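Asker: Here's a structure for you.
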Amino acid sequence: MKETSAMDAVAGSTNQPVTLVPSQAAGTLRSNGEVLRLGIIYMATGFVLFALMGLFGLLMRLSHSDFLPLSATWFYRLMTLHGSGMVAAGLLAAMGSVAAVLSTSLRLSVRWLWTAFVLYFLGCGFVTLSVLVGGFAAGWTILPPLPYESMGVWNLWAALAMFTGYLFVALGYLTYCLLILVATMRAYHGLSGALAWRYVFSGGKDTRKLLPRPTEILATVMAVIGILTVIFGAVLLAALFAQAAGLVGSVDALFAKNFVYLFGHTLVNSNIYLAAGLVYVILPRYTGRPAKLNWPIALAANLTMVLILLPFPHHLYEDFAQPLWLQIVGQFGSYGAALPVLLVTVMSGLSQIYRSGLRWSVPVILTALGLWGWIFGGIAALLDSTIGINQLLHNTLWVPAHFHTYYLLGALAFCWAYMYFLVNDLSGAWESRISRAAAWLYGIGGAGFVLMFYLSGAEGVPRRYAVHLAAWRLPDQISVPFVILLAISLTWLGGVMLMQMKPAWRRTKGTPGGTPGRTLEPPPRAPEHGGKAWRRWRRKALS
């Protein structure tokens, strides 16, 4: 296996020079380093927020197990904060990871990235204030009329704080998406170039124009979808604020539910696909096989831009007032959206691993676990999106089971894989066997945890119940040790990254070859991993 530096890794293949468009040729690592440092801030903040939300999840599992019972009021508070906060944490980590990847080939504004981060963080603060101080406990879905009909459990200001938090998070994400979209359009001369439309519509034959890398085209697609998603969310929030101001009597419940899931479901899926783009960055660093854009990847990315908007009605199959045509769209859209990027990305990832002779380091282990989680979580989601099966499973713990599978063991595994890789490689630290064991422990703990959810869902245990009957508690109790294994794994990996953060941070202020002002070309290739030659090269590179 060939070793490569993080600067080379975020830029391109180990065996390929970095491809820059003419307008970017003058870009130096000094400006790139600022974006890279900000990307690390995004990822680290997301990791800490994820750990806190995971702690709340553990408390809910302990309550269901009857090991540490919570009052219904506090259970629903934690459920609300856990649901909204976990998605916010994962999305923030994915945003930071992708910004770091794109920073060596695209010009990204540090000012706008900071603006997006501050808006996003303010939103998270409002949500936390709403729940922990105001007692808001209507769930992340904030479905009317519950936010305004709390029966005295929370006040109006708590609901408004929750809506304000959502608004700021949406504005932060909108700022980020606009930044990414403008950067890719400038680099590839318009939206059609950033999405490789000539290449797609020619069946992969027209390669006259510079093609974006896989991560770049996926980032462009997710930026477009992100802008649309924020618009959908703004429509709902405008209606809810109008009701609070007395401008409208009430918000139609079916309208609200459609827009809640059009916003929320699409946002979560955008997060997953954004993180999946990291597969094309991480694995080539260890296999030595270049990850170039090909026609299946380009086609799948473009199809996803439309198909990702279609599955949300499968959350409304049981709403009898829902128009029939939307139910049909939900059925076929759910199947259609799962196939393009899922199959293409998974097959690309497996083809990278197959007979590559790679070393199973922490980033590779987490990426492989991410592919596994994405596959199995996607299959479980497809089952639930089938109308006949949905009638049995949708209001059971099967739904949080499939979501936790492709989020915890899918999107977040990709994000932590890239974060660990970047920090570890920048710091030049040696990876221990304990760290690799901790990465496998993440998979074992996560798999055992979600399996208990699946078993409960298959038995018909309802979701969103604060108290579980004694007959339901065995899977809950078995899941607790697996959650603790997850916590141990994340504590170790987080501690390792924390210890390596200072030298990694210092390295972002330099350039690949150590000479100020050099353009973004890859550093000299390292000798074969291991042995005296490699150690001498490593010491020299880090000196």
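All residue names refer to the structure tokens as shown: chains lettered A, B, ... in order, residues numbered from 1 in each chain, ligands numbered from 1 in order.
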What are the nearest atom pairs, with distances in Å to one decimal, for all residues of segment 139-199 of chain A that come at most 12 Å from segment 250-265 of chain A, using only C-alpha atoms, set out by chain and rising residue number as CSV?

Answerer:
residue,atom,partner,partner_atom,distance
A:Gly139,CA,A:Val260,CA,11.7
A:Trp140,CA,A:Gly264,CA,8.9
A:Thr141,CA,A:Val260,CA,6.4
A:Ile142,CA,A:Val260,CA,8.0
A:Leu143,CA,A:Lys257,CA,6.4
A:Pro144,CA,A:Ala253,CA,5.9
A:Pro145,CA,A:Ala253,CA,7.3
A:Leu146,CA,A:Ala253,CA,10.2
A:Pro147,CA,A:Val251,CA,11.3
A:Tyr148,CA,A:Ser250,CA,9.9
A:Glu149,CA,A:Ser250,CA,11.4
A:Tyr166,CA,A:Gly264,CA,10.6
A:Leu167,CA,A:Phe263,CA,12.0
A:Ala170,CA,A:Phe263,CA,10.0

Asker: Would you save the residues of that selection, restricted to C-alpha atoms, as a PDB file, in the first residue's frame?

Answerer:
ATOM      1  CA  GLY A 139     -41.019  15.924  18.477  1.00  0.00           C
ATOM      2  CA  TRP A 140     -38.790  17.037  15.625  1.00  0.00           C
ATOM      3  CA  THR A 141     -41.812  16.936  13.293  1.00  0.00           C
ATOM      4  CA  ILE A 142     -43.510  19.898  15.057  1.00  0.00           C
ATOM      5  CA  LEU A 143     -46.817  18.770  13.526  1.00  0.00           C
ATOM      6  CA  PRO A 144     -49.770  21.139  14.085  1.00  0.00           C
ATOM      7  CA  PRO A 145     -51.751  21.620  16.188  1.00  0.00           C
ATOM      8  CA  LEU A 146     -49.466  20.172  18.877  1.00  0.00           C
ATOM      9  CA  PRO A 147     -46.887  23.024  19.047  1.00  0.00           C
ATOM     10  CA  TYR A 148     -49.632  25.496  19.963  1.00  0.00           C
ATOM     11  CA  GLU A 149     -51.824  23.070  21.933  1.00  0.00           C
ATOM     12  CA  TYR A 166     -35.156  25.519  12.503  1.00  0.00           C
ATOM     13  CA  LEU A 167     -35.118  28.793  10.566  1.00  0.00           C
ATOM     14  CA  ALA A 170     -32.069  26.264   7.346  1.00  0.00           C
TER      15      ALA A 170
END

Asker: I'd like the neighbourhood of Gly349 of chain A as number ranges by chain, where a residue qualifies if any of its atoms comes within 12 Å (using only C-alpha atoms), though same-chain residues fewer than 6 positions away should be ignored.

Answerer: A: 276-284, 286-287, 289-291, 297, 341-343, 356, 364, 367-372, 374-375, 414

Asker: Under the rule that only C-alpha atoms are counted, which of A:Ile365, A:Val200, A:Ala401, A:Leu310 is the nearest residue to Gly378 of chain A?

Answerer: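 Of all the options, A:Ala401 lies closest to Gly378 of chain A.
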
Asker: Go through A:Trp112, A:Leu422, A:Gly90, A:Asn395 and flag the residue nearest Met53 of chain A, using only C-alpha atoms for the distances.

Answerer: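 Looking only at the distances to Met53 of chain A, the closest residue turns out to be A:Gly90.
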
Asker: Between A:Gly46, A:Gln327, A:Val127, A:Phe121, which one has atoms that come closest to Leu81 of chain A, using only C-alpha atoms?

Answerer: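 With only C-alpha atoms as the atom set, the closest residue is A:Val127.
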